[in-house]
Each structure stands twice: as C-alpha cells, then as structure tokens.
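Enquirer: See run_32.txt below, with compact mmCIF, C-alpha atoms.
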# COMPACT_ATOMS: atom_id res chain seq x y z
CA MET L 13 31.43 11.81 -37.97
CA ILE L 14 27.83 11.86 -36.78
CA THR L 15 26.23 13.38 -33.69
CA VAL L 16 23.41 11.66 -31.81
CA THR L 17 21.41 12.60 -28.73
CA VAL L 18 21.02 9.95 -26.03
CA ARG L 19 18.05 10.12 -23.64
CA PHE L 20 18.43 8.57 -20.18
CA PHE L 21 15.48 7.42 -18.09
CA ALA L 22 14.78 6.06 -14.62
CA GLY L 23 17.69 4.06 -13.20
CA HIS L 24 19.93 5.04 -16.10
CA ARG L 25 19.41 8.73 -15.46
CA ASP L 26 20.27 8.20 -11.80
CA ILE L 27 23.56 6.54 -12.78
CA VAL L 28 24.52 8.97 -15.54
CA GLY L 29 23.36 12.04 -13.64
CA LYS L 30 21.66 13.69 -16.61
CA ALA L 31 18.63 13.19 -18.82
CA THR L 32 20.29 13.78 -22.20
CA ALA L 33 23.78 13.79 -23.67
CA GLN L 34 25.25 14.26 -27.12
CA TYR L 35 27.79 11.88 -28.58
CA THR L 36 29.95 12.34 -31.66
CA LEU L 37 30.57 8.95 -33.28
CA THR L 38 32.24 7.51 -36.35
CA GLU L 39 29.90 6.71 -39.23
CA GLY L 40 28.63 3.14 -39.11
CA THR L 41 28.45 3.03 -35.31
CA THR L 42 25.66 0.71 -34.17
CA LEU L 43 23.33 0.95 -31.19
CA GLY L 44 25.14 -1.96 -29.56
CA GLN L 45 28.52 -0.26 -29.98
CA LEU L 46 27.21 2.99 -28.49
CA TRP L 47 25.87 1.04 -25.51
CA GLU L 48 29.33 -0.53 -25.00
CA GLN L 49 30.83 2.95 -25.08
CA LEU L 50 28.36 4.12 -22.43
CA VAL L 51 29.13 1.13 -20.22
CA ALA L 52 32.84 1.96 -20.47
CA GLU L 53 32.06 5.55 -19.44
CA TYR L 54 29.58 4.57 -16.70
CA PRO L 55 30.50 1.08 -15.45
CA ARG L 56 27.38 0.89 -13.25
CA LEU L 57 25.33 0.59 -16.47
CA ALA L 58 26.90 -2.83 -17.11
CA GLY L 59 24.23 -4.62 -15.08
CA TYR L 60 21.64 -3.58 -17.67
CA THR L 61 23.40 -5.28 -20.58
CA GLY L 62 21.06 -7.94 -21.96
CA ARG L 63 18.05 -6.45 -20.17
CA LEU L 64 17.53 -3.43 -22.43
CA LEU L 65 15.19 -2.37 -25.15
CA PHE L 66 16.74 -0.15 -27.80
CA ALA L 67 15.09 2.82 -29.53
CA VAL L 68 16.08 5.19 -32.31
CA ASN L 69 13.86 8.18 -33.05
CA GLN L 70 11.12 6.73 -30.80
CA GLN L 71 11.03 3.41 -32.68
CA PHE L 72 12.31 0.11 -31.34
CA GLY L 73 15.71 -0.82 -32.73
CA GLN L 74 18.20 -3.67 -32.48
CA PRO L 75 21.84 -3.76 -31.33
CA ALA L 76 22.86 -3.99 -35.00
CA THR L 77 20.90 -0.84 -35.97
CA VAL L 78 23.31 1.64 -37.58
CA LEU L 79 23.03 5.19 -36.28
CA ALA L 80 22.65 8.29 -38.44
CA ASP L 81 23.46 11.93 -37.83
CA GLY L 82 20.80 13.63 -35.70
CA ASP L 83 19.31 10.41 -34.32
CA GLU L 84 17.67 10.41 -30.89
CA VAL L 85 18.74 7.23 -29.09
CA ALA L 86 17.25 5.70 -25.96
CA PHE L 87 18.48 2.68 -24.06
CA ILE L 88 15.35 1.60 -22.25
CA PRO L 89 15.89 0.00 -18.85
CA PRO L 90 13.44 -2.75 -17.82
CA VAL L 91 10.00 -1.16 -17.96
CA SER L 92 7.51 -1.23 -15.09
CA GLY L 93 4.39 0.61 -16.19
CA GLY L 94 0.91 -0.36 -15.21
CA MET B 17 -12.93 14.46 -27.92
CA VAL B 18 -10.92 11.86 -26.00
CA GLU B 19 -7.46 11.07 -27.33
CA PRO B 20 -7.14 7.27 -27.36
CA PHE B 21 -3.49 6.88 -26.27
CA VAL B 22 -2.26 9.33 -23.68
CA ILE B 23 0.51 9.85 -21.13
CA THR B 24 -0.63 12.47 -18.63
CA THR B 25 0.14 13.99 -15.26
CA GLU B 26 -3.58 14.55 -14.66
CA PRO B 27 -5.79 12.21 -12.57
CA LEU B 28 -7.50 9.50 -14.64
CA ASP B 29 -11.28 9.10 -14.94
CA PRO B 30 -12.67 6.05 -16.76
CA ALA B 31 -16.08 7.53 -17.63
CA PRO B 32 -15.04 9.62 -20.68
CA LEU B 33 -12.99 6.70 -22.03
CA VAL B 34 -15.91 4.29 -21.74
CA ALA B 35 -18.09 6.78 -23.59
CA ALA B 36 -15.42 7.27 -26.25
CA VAL B 37 -14.96 3.59 -27.15
CA GLN B 38 -18.57 2.45 -27.17
CA THR B 39 -20.44 2.15 -30.48
CA PRO B 40 -23.80 0.54 -31.33
CA ASP B 41 -21.89 -2.53 -32.59
CA ASP B 42 -20.46 -3.26 -29.15
CA GLY B 43 -22.06 -5.52 -26.59
CA ALA B 44 -19.10 -5.32 -24.23
CA VAL B 45 -16.89 -2.62 -22.76
CA VAL B 46 -14.14 -3.83 -20.43
CA THR B 47 -12.36 -1.32 -18.22
CA PHE B 48 -9.17 -2.24 -16.40
CA SER B 49 -7.89 0.19 -13.77
CA GLY B 50 -4.37 -0.24 -12.43
CA VAL B 51 -4.34 1.26 -8.96
CA VAL B 52 -1.47 2.18 -6.62
CA ARG B 53 -1.35 -0.32 -3.77
CA ASN B 54 0.21 0.10 -0.34
CA HIS B 55 2.65 -2.79 -0.46
CA PHE B 56 4.96 -4.72 -2.76
CA GLY B 57 6.65 -7.98 -1.83
CA GLY B 58 5.45 -7.61 1.74
CA ARG B 59 7.10 -4.18 2.16
CA PRO B 60 4.92 -1.12 2.83
CA THR B 61 4.80 1.51 0.08
CA ALA B 62 4.26 5.22 0.78
CA PHE B 63 3.70 6.40 -2.80
CA LEU B 64 4.87 5.81 -6.40
CA VAL B 65 6.50 8.03 -8.99
CA TYR B 66 5.94 7.11 -12.64
CA GLU B 67 8.06 8.35 -15.50
CA ALA B 68 7.64 7.82 -19.24
CA TYR B 69 9.51 8.41 -22.47
CA THR B 70 6.38 10.26 -23.47
CA GLU B 71 7.10 10.84 -27.15
CA MET B 72 7.61 7.10 -27.60
CA ALA B 73 5.23 5.67 -25.01
CA ALA B 74 2.02 7.02 -26.54
CA PRO B 75 2.81 5.51 -29.99
CA VAL B 76 3.79 2.23 -28.31
CA LEU B 77 0.39 2.13 -26.58
CA ARG B 78 -1.19 2.51 -30.02
CA GLN B 79 1.03 -0.28 -31.39
CA ILE B 80 -0.02 -2.59 -28.54
CA ALA B 81 -3.70 -1.87 -29.23
CA ASP B 82 -3.08 -2.72 -32.91
CA GLU B 83 -1.49 -6.01 -31.85
CA ALA B 84 -4.61 -6.82 -29.82
CA ARG B 85 -6.84 -5.89 -32.74
CA ALA B 86 -4.93 -8.33 -34.97
CA ARG B 87 -5.69 -11.13 -32.47
CA TRP B 88 -9.29 -10.52 -31.42
CA PRO B 89 -12.37 -8.94 -33.03
CA ILE B 90 -12.49 -5.75 -30.98
CA GLY B 91 -13.64 -2.21 -31.60
CA LYS B 92 -12.18 0.98 -30.18
CA VAL B 93 -9.49 1.01 -27.50
CA CYS B 94 -8.33 3.73 -25.12
CA VAL B 95 -5.20 3.49 -22.97
CA HIS B 96 -4.28 6.33 -20.63
CA HIS B 97 -1.25 6.13 -18.33
CA ARG B 98 -0.50 8.63 -15.63
CA VAL B 99 2.99 9.86 -14.69
CA GLY B 100 4.39 11.83 -11.78
CA ARG B 101 3.73 11.21 -8.09
CA LEU B 102 0.74 8.97 -7.35
CA GLU B 103 -0.68 8.31 -3.90
CA ILE B 104 -2.05 5.00 -2.63
CA GLY B 105 -5.43 4.32 -4.25
CA GLU B 106 -4.89 6.58 -7.26
CA THR B 107 -5.27 5.15 -10.76
CA ALA B 108 -2.03 4.71 -12.71
CA VAL B 109 -3.42 3.20 -15.90
CA LEU B 110 -6.75 2.75 -17.65
CA VAL B 111 -7.27 0.21 -20.43
CA VAL B 112 -10.73 0.38 -21.99
CA VAL B 113 -11.72 -2.00 -24.78
CA ALA B 114 -15.01 -2.23 -26.64
CA ALA B 115 -16.01 -5.30 -28.64
CA PRO B 116 -19.14 -6.93 -30.02
CA HIS B 117 -18.71 -9.78 -27.50
CA ARG B 118 -17.20 -9.95 -24.01
CA ASP B 119 -14.67 -12.76 -24.58
CA ALA B 120 -12.69 -10.67 -27.03
CA ALA B 121 -12.90 -7.55 -24.85
CA PHE B 122 -11.63 -9.38 -21.75
CA ALA B 123 -8.84 -11.13 -23.66
CA ALA B 124 -7.70 -7.97 -25.42
CA ALA B 125 -7.67 -5.90 -22.22
CA ALA B 126 -5.54 -8.53 -20.45
CA TYR B 127 -3.19 -8.76 -23.43
CA ILE B 128 -2.79 -4.98 -23.62
CA MET B 129 -1.87 -4.79 -19.91
CA ASP B 130 0.65 -7.63 -20.29
CA ARG B 131 2.30 -5.91 -23.25
CA ILE B 132 2.42 -2.54 -21.45
CA LYS B 133 4.42 -4.25 -18.73
CA GLU B 134 6.73 -5.78 -21.35
CA ILE B 135 7.53 -2.97 -23.78
CA ALA B 136 5.92 0.40 -22.99
CA PRO B 137 8.72 2.81 -21.99
CA ILE B 138 7.22 3.66 -18.61
CA TRP B 139 8.94 3.22 -15.24
CA LYS B 140 7.76 3.04 -11.66
CA GLN B 141 9.78 4.23 -8.69
CA GLU B 142 8.70 2.67 -5.44
CA HIS B 143 8.93 5.01 -2.46
CA TRP B 144 8.90 2.77 0.58
CA ALA B 145 7.26 3.71 3.85
CA ASP B 146 10.71 3.68 5.50
CA GLY B 147 11.87 6.51 3.21
CA ALA B 148 13.99 4.51 0.76
CA ALA B 149 13.23 4.65 -2.99
CA GLU B 150 14.09 2.43 -5.93
CA TRP B 151 13.17 1.93 -9.57
CA ARG B 152 11.31 -1.31 -10.20
CA GLU B 153 13.29 -3.04 -12.93
Can you dump the structure from the file as structure tokens?
Expert:
Amino acid sequence: MITVTVRFFAGHRDIVGKATAQYTLTEGTTLGQLWEQLVAEYPRLAGYTGRLLFAVNQQFGQPATVLADGDEVAFIPPVSGG
Amino acid sequence: MVEPFVITTEPLDPAPLVAAVQTPDDGAVVTFSGVVRNHFGGRPTAFLVYEAYTEMAAPVLRQIADEARARWPIGKVCVHHRVGRLEIGETAVLVVVAAPHRDAAFAAAAYIMDRIKEIAPIWKQEHWADGAAEWRE
C-alpha cells in the first residue's frame, strides 16, 4: 500500500470541506483512479471531471500517471488567475 | 534583488520589476497590469479573493516565461501574482517583459497572460455587490 496527500483548492476545497487529506491506496493506483475514488466519496466533484488539470509533486501529470508513496497530489479545478 | 516569479499577498508595484528586467540590450520593456474591475458579465463586483497553489504556481510562471522565450527573442521576464483579498482598482498580476525590439515584447507579454489563464494554478473568487460569492471556473 502507498499513502499520498491530496491538496484541495478553491471550489474543490469548498465541496470537500478541507484543504488536505491523506489516502492509502493500492500500489499501481493512477491519478485518474484516485479522482474516480474522490468523486465516489464527494459526488459534487463529478462536474469537474474532464475539466481538471492533474499535478503530482507540483508537476503537471496525466490521468495515467502512477502514484508513489509520499506523493503530493492536486486535482486542479479550472484556473482563473490574472 | 527582485525575484522574477512570485506569488505574494503584498501589493504589487511595477517599478522594481521594470528596473529588474531591463538591460542595455533591450529597446523595449512591456508591462501588463491586471487590475480588479468592478463588474463581470454585467453584474457588480464588490471585491475579489485570489488563491494559489503557491508551491506549484511560481514554477509554472517560470515555465510559461520559458515557453515565451522559445517563441520570441526576449530578454528577462518578471511575473508577480497577488493572492488574498483585493479591492477594486488593485493590481492582481504584473507581467513585465524586456526585449531588444517591441514586437517580441508585446507578443510575449500577451502570450504569458493567456497561458496564466490556461494553466497557472491560481483561482479567483468573485464577491458580488449583492453579497454572494463564487469561484470563477
């Protein structure tokens, strides 16, 4: 098993009700699979599917990116800087 | 010493950034200021709250500047983005680009702003004049 930290921002944090959470996952879990798990836990996140950017350890990732123990994950809702 | 790529809660001032990017090779320095406006989509805005994934956003600003440098012959670049509560008229973002010639500086500054709005992990919460609030997404 691996443990990752998930950071929540903006609209996601409002839905989840916290800024960070730890998840214990089976080895080989991908970013996309973790997102599906989060949507199952927080159904209001479903509207963000397909509109996200993915990040692992502050670098952009892809849904197929495989997670490793200790990773910091962020599912980035549509950005609106500037 | 001005850090080139910064996320800060402090008010933004373009003057030190302009001084930081300019070298004797540069005939152009373009400064873009993104300023908080009092309306969006015809609805009055009271103020904005910006949030960033700071540890990632600053490196992404650097990455975006590198993308611009691969496309146009430009010199130094500074991008500072403010977070926290901003009032109407305050500056939310500064993009400052130096280049030997103005065409490249204008094009790179516009490109950098476009990319910030596409990929920089920064979010804006609109606080409407009627008291409601929502993330722009």
Enquirer: Taking (10.5, -3.0, -23.7) as a centre in this file's frame and 12 Å as the limit, can you find every polymer residue with an atom that close, using all atoms listed in the file, and give them as a PyMOL selection string?
Expert: (chain L and resi 62-67+71-74+86-93) or (chain B and resi 69+72-73+76-77+80+130-139+153)
Enquirer: Could you name the residues that touch segment 55-59 of chain B at 10 Å or less, counting only C-alpha atoms, but leaving out those on the same chain fewer than 3 positions away, as number ranges by chain?
Expert: B: 52, 62-63, 104, 142, 144-146
Enquirer: Any idea what the distance is between atom CA of Gly100 of chain B and atom CA of Thr25 of chain B?
Expert: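 A separation of 5.9 Å between them.
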Enquirer: Atom CA of His143 of chain B to atom CA of Pro20 of chain B: how many Å, to one decimal?
Expert: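 For atom CA of His143 of chain B relative to atom CA of Pro20 of chain B, the distance reads 29.7 Å.
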Enquirer: Which is closest to Gly43 of chain B among B:Pro60, B:Gly91, B:Pro75, B:Gly147, if we use only C-alpha atoms?
Expert: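 That would be B:Gly91, the residue with the smallest distance to Gly43 of chain B.
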Enquirer: Starting from the sparse input, extend segment 84-108 of chain B to N, CA, C and O atoms and give the output as an mmCIF file, keeping the file's coordinate frame.
Expert:
data_model
loop_
_atom_site.group_PDB
_atom_site.id
_atom_site.type_symbol
_atom_site.label_atom_id
_atom_site.label_comp_id
_atom_site.auth_asym_id
_atom_site.auth_seq_id
_atom_site.Cartn_x
_atom_site.Cartn_y
_atom_site.Cartn_z
ATOM 1 N N ALA B 84 -3.415 -6.170 -30.372
ATOM 2 C CA ALA B 84 -4.610 -6.820 -29.820
ATOM 3 C C ALA B 84 -5.696 -6.943 -30.893
ATOM 4 O O ALA B 84 -6.376 -7.971 -30.998
ATOM 5 N N ARG B 85 -5.808 -5.891 -31.705
ATOM 6 C CA ARG B 85 -6.840 -5.890 -32.740
ATOM 7 C C ARG B 85 -6.566 -6.951 -33.802
ATOM 8 O O ARG B 85 -7.499 -7.470 -34.434
ATOM 9 N N ALA B 86 -5.289 -7.288 -34.006
ATOM 10 C CA ALA B 86 -4.930 -8.330 -34.970
ATOM 11 C C ALA B 86 -5.272 -9.721 -34.420
ATOM 12 O O ALA B 86 -5.348 -10.678 -35.194
ATOM 13 N N ARG B 87 -5.458 -9.823 -33.098
ATOM 14 C CA ARG B 87 -5.690 -11.130 -32.470
ATOM 15 C C ARG B 87 -7.139 -11.394 -32.138
ATOM 16 O O ARG B 87 -7.569 -12.547 -32.113
ATOM 17 N N TRP B 88 -7.894 -10.350 -31.837
ATOM 18 C CA TRP B 88 -9.290 -10.520 -31.420
ATOM 19 C C TRP B 88 -10.176 -9.519 -32.158
ATOM 20 O O TRP B 88 -9.727 -8.411 -32.490
ATOM 21 N N PRO B 89 -11.433 -9.879 -32.380
ATOM 22 C CA PRO B 89 -12.370 -8.940 -33.030
ATOM 23 C C PRO B 89 -12.865 -7.911 -32.013
ATOM 24 O O PRO B 89 -13.864 -8.128 -31.319
ATOM 25 N N ILE B 90 -12.122 -6.806 -31.925
ATOM 26 C CA ILE B 90 -12.490 -5.750 -30.980
ATOM 27 C C ILE B 90 -12.734 -4.459 -31.731
ATOM 28 O O ILE B 90 -12.379 -4.316 -32.903
ATOM 29 N N GLY B 91 -13.353 -3.519 -31.035
ATOM 30 C CA GLY B 91 -13.640 -2.210 -31.600
ATOM 31 C C GLY B 91 -12.607 -1.197 -31.153
ATOM 32 O O GLY B 91 -11.403 -1.412 -31.273
ATOM 33 N N LYS B 92 -13.102 -0.095 -30.580
ATOM 34 C CA LYS B 92 -12.180 0.980 -30.180
ATOM 35 C C LYS B 92 -11.492 0.639 -28.857
ATOM 36 O O LYS B 92 -12.028 -0.076 -28.013
ATOM 37 N N VAL B 93 -10.302 1.213 -28.704
ATOM 38 C CA VAL B 93 -9.490 1.010 -27.500
ATOM 39 C C VAL B 93 -8.989 2.368 -27.030
ATOM 40 O O VAL B 93 -8.583 3.200 -27.846
ATOM 41 N N CYS B 94 -9.010 2.575 -25.718
ATOM 42 C CA CYS B 94 -8.330 3.730 -25.120
ATOM 43 C C CYS B 94 -7.367 3.217 -24.044
ATOM 44 O O CYS B 94 -7.727 2.344 -23.247
ATOM 45 N N VAL B 95 -6.162 3.778 -24.038
ATOM 46 C CA VAL B 95 -5.200 3.490 -22.970
ATOM 47 C C VAL B 95 -4.630 4.818 -22.489
ATOM 48 O O VAL B 95 -4.018 5.551 -23.279
ATOM 49 N N HIS B 96 -4.860 5.127 -21.224
ATOM 50 C CA HIS B 96 -4.280 6.330 -20.630
ATOM 51 C C HIS B 96 -3.397 5.911 -19.465
ATOM 52 O O HIS B 96 -3.819 5.122 -18.612
ATOM 53 N N HIS B 97 -2.173 6.429 -19.425
ATOM 54 C CA HIS B 97 -1.250 6.130 -18.330
ATOM 55 C C HIS B 97 -0.825 7.431 -17.672
ATOM 56 O O HIS B 97 -0.441 8.373 -18.350
ATOM 57 N N ARG B 98 -0.876 7.432 -16.362
ATOM 58 C CA ARG B 98 -0.500 8.630 -15.630
ATOM 59 C C ARG B 98 0.981 8.582 -15.255
ATOM 60 O O ARG B 98 1.530 7.503 -15.019
ATOM 61 N N VAL B 99 1.606 9.748 -15.170
ATOM 62 C CA VAL B 99 2.990 9.860 -14.690
ATOM 63 C C VAL B 99 3.054 10.925 -13.607
ATOM 64 O O VAL B 99 2.120 11.690 -13.405
ATOM 65 N N GLY B 100 4.202 10.933 -12.912
ATOM 66 C CA GLY B 100 4.390 11.830 -11.780
ATOM 67 C C GLY B 100 4.148 11.084 -10.475
ATOM 68 O O GLY B 100 4.160 9.846 -10.443
ATOM 69 N N ARG B 101 3.941 11.844 -9.404
ATOM 70 C CA ARG B 101 3.730 11.210 -8.090
ATOM 71 C C ARG B 101 2.277 10.776 -7.945
ATOM 72 O O ARG B 101 1.362 11.569 -8.150
ATOM 73 N N LEU B 102 2.088 9.503 -7.576
ATOM 74 C CA LEU B 102 0.740 8.970 -7.350
ATOM 75 C C LEU B 102 0.647 8.430 -5.927
ATOM 76 O O LEU B 102 1.530 7.700 -5.466
ATOM 77 N N GLU B 103 -0.448 8.765 -5.269
ATOM 78 C CA GLU B 103 -0.680 8.310 -3.900
ATOM 79 C C GLU B 103 -1.386 6.954 -3.918
ATOM 80 O O GLU B 103 -1.962 6.543 -4.926
ATOM 81 N N ILE B 104 -1.357 6.286 -2.774
ATOM 82 C CA ILE B 104 -2.050 5.000 -2.630
ATOM 83 C C ILE B 104 -3.522 5.181 -3.024
ATOM 84 O O ILE B 104 -4.171 6.134 -2.593
ATOM 85 N N GLY B 105 -4.029 4.270 -3.848
ATOM 86 C CA GLY B 105 -5.430 4.320 -4.250
ATOM 87 C C GLY B 105 -5.687 5.094 -5.522
ATOM 88 O O GLY B 105 -6.782 5.002 -6.091
ATOM 89 N N GLU B 106 -4.690 5.857 -5.999
ATOM 90 C CA GLU B 106 -4.890 6.580 -7.260
ATOM 91 C C GLU B 106 -4.697 5.626 -8.435
ATOM 92 O O GLU B 106 -3.985 4.620 -8.349
ATOM 93 N N THR B 107 -5.322 5.983 -9.559
ATOM 94 C CA THR B 107 -5.270 5.150 -10.760
ATOM 95 C C THR B 107 -4.050 5.517 -11.597
ATOM 96 O O THR B 107 -3.875 6.681 -11.962
ATOM 97 N N ALA B 108 -3.238 4.509 -11.913
ATOM 98 C CA ALA B 108 -2.030 4.710 -12.710
ATOM 99 C C ALA B 108 -2.278 4.479 -14.186
ATOM 100 O O ALA B 108 -1.636 5.093 -15.033
#
